[in-house]
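**Q** The following block contains the structure, expressed as structure tokens.
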Amino acid sequence: MTHPDPPTANPPTPGSGTGGPPVADAAAAGFGTAGPSIADPAAGACPVPRAETERVLLGHGSGGQLTAELLNDLLLPALGPSATTGPRQDAAVLPLGPLDLVMSTDSFVVSPLFFPGGDIGALAVHGTINDVAMMGAEPLALSIAYVIEEGFPLADLRRVAESVGRAATSAGVPVVTGDTKVVDRGAADKLFITTTGIGRRLPDATPSADGGRPGDAVLLSGPIGLHGTTVLNARMDLGIEADLASDTRPLHTLVRTMIETAGPAVHTLRDPTRGGLAAALGELATDSAICVELDEPNLPVPPPVAATCELLGLDPLHVANEGCLVAFVAPTHTDTLLTAMHPLAPDSRQIGTLTKSPPGRVQMRTLLGAHRIIDIPLGEQLPRIC
């Protein structure tokens, strides 16, 4: 999950691949205002769905364009003018005298609760640690709140609680406070967890969503698509026998190594969770007003992920991750950083560069040498993924 500071620029409009002002009405945005209609073949038009303006959709929690609209149009304006300025970040920086504290909060509603490589408990700990770390901070402590549905098996609750304890202890970030609520049967789906993390920014750490500069190298610390495809396979019982397991893990040690190696040359950090690498890079391209140029041959898509996505018609760039980060770094420090990263993240590599224009765009040089525009997902391809 990403957290405001909110964007200074609006997210790309559907299908545009570039940043720009919000479309004035639903019809201009590509949504019919009077419901589905029969296409006019001569006009080359296709039927489009009715725009939903009165109710929250599942896609509003996707981390894509609908999430940005919900934040920009409703949630952030309600907090006052100061909440609608600045880039979208994974956490907030709180300057307190000589210290820069960092704070982040996140909720986890993943279904199923248990999946190969992890569970909702470890995911909650790792996810919040990582959001704090993406601001160049050392996580110090966590809080955790459980919302439990009446009738939830105590054995499963114990399993989740013990996973939380193991994950926090292994990461060296203690859980210091929390809360527990039980709701009626049917009022929640088994178990929801909310975590908050607080950390202290490392010396010389200045990463920001608007810190990307033309010429920067785009680094990725590991394979993409593992978490989303693993959860989907477990949820839908697809019977895919490939070696799929979530990549959920804490990234704060890797971030500390990067900051100690390159300091302010690390311009931007982001963990590409909901919406995948496409959503993360799209937001960063808009906030930094730059163009992200990816090289498809350099993207690490594991064969089981590629096969699963091909079977289901998904784009690996849109699939959630929980154990890798993307960074914009000064080109003079690229080789040094990759050397420092490899012991902790052996699959680290450069996947692209930043250019000046067109600002707000993510595009990829394909295996055939053509260029493909990478859009931020509109809604929710994979709901309840974190």
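Every chain in the structure tokens takes a letter, A first, then B, and so on in the order presented; its residues are numbered from 1, and the ligands are numbered from 1 following the presented order.
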What lies within 10 Å of A:Val305 using only C-alpha atoms, ignoring chain neighbours under 4 positions off, as a PyMOL selection string?

**A** chain A and resi 223-230+242-244+301+309-311+314-316+319

**Q** Those same residues - C-alpha atoms - I'd like them written as a CSV table (one decimal), in the first residue's frame.

**A**
```csv
chain,number,residue,atom,x,y,z
A,223,PRO,CA,11.8,-11.4,-9.6
A,224,ILE,CA,8.3,-10.0,-10.1
A,225,GLY,CA,4.8,-11.6,-9.9
A,226,LEU,CA,5.5,-14.3,-7.3
A,227,HIS,CA,3.2,-13.1,-4.6
A,228,GLY,CA,0.1,-12.4,-6.7
A,229,THR,CA,0.2,-15.6,-8.7
A,230,THR,CA,0.8,-17.7,-5.6
A,242,ALA,CA,4.6,-25.1,-10.7
A,243,ASP,CA,7.0,-24.2,-7.9
A,244,LEU,CA,5.1,-21.0,-6.8
A,301,VAL,CA,9.8,-12.9,-14.6
A,309,CYS,CA,-0.1,-15.2,-16.3
A,310,GLU,CA,-0.3,-16.5,-19.8
A,311,LEU,CA,-2.9,-19.1,-18.7
A,314,LEU,CA,-2.6,-11.4,-16.8
A,315,ASP,CA,0.3,-9.1,-17.3
A,316,PRO,CA,3.2,-9.9,-14.9
A,319,VAL,CA,0.8,-8.6,-10.5
```

**Q** Stretch 209-216 of chain A: which residues within 6 Å, counting only C-alpha atoms, same-chain residues fewer than 5 positions away excluded, as a PyMOL selection string?

**A** chain A and resi 87+267-268+284+287-288+328-331+353-356

**Q** Write out as a ChimeraX atom specification all residues of stretch 80-216 of chain A that DSSP puts in strand (DSSP E or B) for this structure's backbone.

**A** /A:88-89,92-96,99-108,114-115,118-119,137-149,175-183,191-201

**Q** Write out as a count of residues only each polymer residue whose atoms come within 8 Å of A:Pro377, counting only C-alpha atoms; drop sequence neighbours fewer than 4 positions from it.

**A** 6

**Q** By how many Å are atom CA of A:Ile374 and atom CA of A:Ala83 apart?

**A**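 If I compute the distance from atom CA of A:Ile374 to atom CA of A:Ala83, I get 28.2 Å.
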
**Q** Atom CA of A:Ile198 and atom CA of A:Pro116, how far apart in Å?

**A**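 Result for atom CA of A:Pro116 versus atom CA of A:Ile198: 28.5 Å, one decimal.
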
**Q** Pick out each residue of stretch 257-340 of chain A that DSSP on the backbone tags as helix (DSSP H, G or I); I need them as an MDAnalysis selection string.

**A** chainID A and resid 257:265 276:288 296:298 303:312 316:318 331:340

**Q** Filtering to C-alpha atoms, could you give me those residues as a PDB file, in the first residue's frame?

**A**
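Writing done, so here's out05.pdb:
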```
ATOM      1  CA  THR A 257      22.915  -1.492   2.727  1.00  0.00           C
ATOM      2  CA  MET A 258      21.899   0.669  -0.255  1.00  0.00           C
ATOM      3  CA  ILE A 259      21.868   3.885   1.798  1.00  0.00           C
ATOM      4  CA  GLU A 260      25.183   3.079   3.470  1.00  0.00           C
ATOM      5  CA  THR A 261      26.673   2.417   0.027  1.00  0.00           C
ATOM      6  CA  ALA A 262      25.295   5.349  -1.949  1.00  0.00           C
ATOM      7  CA  GLY A 263      23.491   7.722   0.444  1.00  0.00           C
ATOM      8  CA  PRO A 264      21.693  10.532  -1.414  1.00  0.00           C
ATOM      9  CA  ALA A 265      22.494   8.897  -4.779  1.00  0.00           C
ATOM     10  CA  GLY A 276       2.545  -4.500  -9.440  1.00  0.00           C
ATOM     11  CA  LEU A 277       5.561  -2.929 -11.069  1.00  0.00           C
ATOM     12  CA  ALA A 278       3.381  -1.089 -13.594  1.00  0.00           C
ATOM     13  CA  ALA A 279       1.440   0.823 -10.927  1.00  0.00           C
ATOM     14  CA  ALA A 280       4.546   1.634  -8.877  1.00  0.00           C
ATOM     15  CA  LEU A 281       6.508   2.961 -11.849  1.00  0.00           C
ATOM     16  CA  GLY A 282       3.499   4.831 -13.206  1.00  0.00           C
ATOM     17  CA  GLU A 283       3.036   6.701  -9.942  1.00  0.00           C
ATOM     18  CA  LEU A 284       6.749   7.487  -9.692  1.00  0.00           C
ATOM     19  CA  ALA A 285       6.938   8.654 -13.309  1.00  0.00           C
ATOM     20  CA  THR A 286       4.072  11.066 -12.654  1.00  0.00           C
ATOM     21  CA  ASP A 287       5.437  12.351  -9.340  1.00  0.00           C
ATOM     22  CA  SER A 288       8.948  12.830 -10.748  1.00  0.00           C
ATOM     23  CA  GLU A 296      11.955  -6.275 -21.454  1.00  0.00           C
ATOM     24  CA  PRO A 297      14.947  -8.666 -21.754  1.00  0.00           C
ATOM     25  CA  ASN A 298      16.125  -7.500 -18.314  1.00  0.00           C
ATOM     26  CA  PRO A 303       8.844 -19.162 -15.694  1.00  0.00           C
ATOM     27  CA  PRO A 304       6.018 -20.321 -13.353  1.00  0.00           C
ATOM     28  CA  VAL A 305       4.786 -16.715 -13.119  1.00  0.00           C
ATOM     29  CA  ALA A 306       4.964 -16.254 -16.880  1.00  0.00           C
ATOM     30  CA  ALA A 307       3.074 -19.505 -17.457  1.00  0.00           C
ATOM     31  CA  THR A 308       0.384 -18.683 -14.891  1.00  0.00           C
ATOM     32  CA  CYS A 309      -0.117 -15.191 -16.279  1.00  0.00           C
ATOM     33  CA  GLU A 310      -0.341 -16.517 -19.828  1.00  0.00           C
ATOM     34  CA  LEU A 311      -2.938 -19.072 -18.735  1.00  0.00           C
ATOM     35  CA  LEU A 312      -5.077 -16.461 -16.965  1.00  0.00           C
ATOM     36  CA  PRO A 316       3.169  -9.938 -14.876  1.00  0.00           C
ATOM     37  CA  LEU A 317       3.821  -6.194 -14.618  1.00  0.00           C
ATOM     38  CA  HIS A 318       0.377  -5.795 -12.981  1.00  0.00           C
ATOM     39  CA  PRO A 331      24.047   6.388 -12.890  1.00  0.00           C
ATOM     40  CA  THR A 332      27.485   6.959 -11.336  1.00  0.00           C
ATOM     41  CA  HIS A 333      26.553   4.608  -8.474  1.00  0.00           C
ATOM     42  CA  THR A 334      24.763   1.850 -10.402  1.00  0.00           C
ATOM     43  CA  ASP A 335      27.539  -0.739 -10.473  1.00  0.00           C
ATOM     44  CA  THR A 336      28.588  -0.089  -6.883  1.00  0.00           C
ATOM     45  CA  LEU A 337      25.020  -0.456  -5.657  1.00  0.00           C
ATOM     46  CA  LEU A 338      24.361  -3.660  -7.557  1.00  0.00           C
ATOM     47  CA  THR A 339      27.552  -5.156  -6.125  1.00  0.00           C
ATOM     48  CA  ALA A 340      26.419  -4.242  -2.609  1.00  0.00           C
TER      49      ALA A 340
END
```

**Q** Which residues are close to A:Leu191, i.e. within 7 Å by only C-alpha atoms, leaving aside same-chain residues fewer than 4 positions away? Reply as a short mmCIF file (atom, residue, chain, number, x, y, z; two decimals) with C-alpha atoms, in the first residue's frame.

**A**
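See result-v7.cif below for the written result:
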```cif
data_model
loop_
_atom_site.label_atom_id
_atom_site.label_comp_id
_atom_site.auth_asym_id
_atom_site.auth_seq_id
_atom_site.Cartn_x
_atom_site.Cartn_y
_atom_site.Cartn_z
CA VAL A 147 -10.45 -7.73 13.59
CA ILE A 148 -11.70 -11.29 14.11
CA GLU A 149 -14.99 -12.76 12.91
#
```

**Q** Report the distance between atom CA of A:Thr105 and atom CA of A:Leu157 in Å, rounded to one decimal place.

**A**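 These two atoms are separated by 21.6 Å.
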
**Q** Skip stretch 174-189 of chain A itself and residues of its chain fewer than 4 positions away, then list as a list in words all residues within 8 Å of it, counting only C-alpha atoms.

**A** Leu140, Ala141, Leu142, Ser143, Ile144, Ala145, Tyr146, Val147, Ile148, Glu149, Glu150, Gly151, Gly165, Ala168 and Thr169 of chain A

**Q** Sorted by chain and rising residue number, list the residues of stretch 171-238 of chain A at most 10 Å from stretch 95-99 of chain A (counting only C-alpha atoms), each with its closest atom pair and distance in Å to one decimal, as JSON lines.

**A**
```
{"residue": "A:Arg200", "atom": "CA", "partner": "A:Leu99", "partner_atom": "CA", "distance": 7.0}
{"residue": "A:Arg201", "atom": "CA", "partner": "A:Leu99", "partner_atom": "CA", "distance": 7.4}
{"residue": "A:Leu202", "atom": "CA", "partner": "A:Leu99", "partner_atom": "CA", "distance": 9.3}
{"residue": "A:Pro203", "atom": "CA", "partner": "A:Leu99", "partner_atom": "CA", "distance": 9.6}
```

**Q** For those residues, write C-alpha atoms to a file as a compact mmCIF listing (two decimals), in the first residue's frame.

**A**
```txt
# COMPACT_ATOMS: atom_id res chain seq x y z
CA ARG A 200 14.09 6.64 12.08
CA ARG A 201 15.50 7.90 8.79
CA LEU A 202 19.06 6.83 8.16
CA PRO A 203 21.82 9.46 7.80
```

**Q** Give me the residues within 9 Å of A:Ala234 as a ChimeraX atom specification, counting only C-alpha atoms and dropping any in the same chain fewer than 6 places off.

**A** /A:111-112,114-116

**Q** Once you have the residues from the selection above, write them out as a PDB file, in the first residue's frame, restricted to N, CA and C atoms.

**A**
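As a result, selection.pdb now contains:
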```
ATOM      1  N   SER A 111      -6.840 -13.095   0.996  1.00  0.00           N
ATOM      2  CA  SER A 111      -7.595 -14.339   0.970  1.00  0.00           C
ATOM      3  C   SER A 111      -6.962 -15.278  -0.050  1.00  0.00           C
ATOM      4  N   PRO A 112      -6.582 -16.496   0.361  1.00  0.00           N
ATOM      5  CA  PRO A 112      -6.731 -17.113   1.679  1.00  0.00           C
ATOM      6  C   PRO A 112      -5.720 -16.592   2.689  1.00  0.00           C
ATOM      7  N   PHE A 114      -3.673 -18.322   4.494  1.00  0.00           N
ATOM      8  CA  PHE A 114      -2.433 -19.085   4.434  1.00  0.00           C
ATOM      9  C   PHE A 114      -2.166 -19.474   2.985  1.00  0.00           C
ATOM     10  N   PHE A 115      -0.919 -19.322   2.556  1.00  0.00           N
ATOM     11  CA  PHE A 115      -0.555 -19.606   1.170  1.00  0.00           C
ATOM     12  C   PHE A 115       0.912 -20.010   1.139  1.00  0.00           C
ATOM     13  N   PRO A 116       1.360 -20.683   0.085  1.00  0.00           N
ATOM     14  CA  PRO A 116       2.760 -21.092   0.024  1.00  0.00           C
ATOM     15  C   PRO A 116       3.703 -19.895   0.173  1.00  0.00           C
TER      16      PRO A 116
END
```
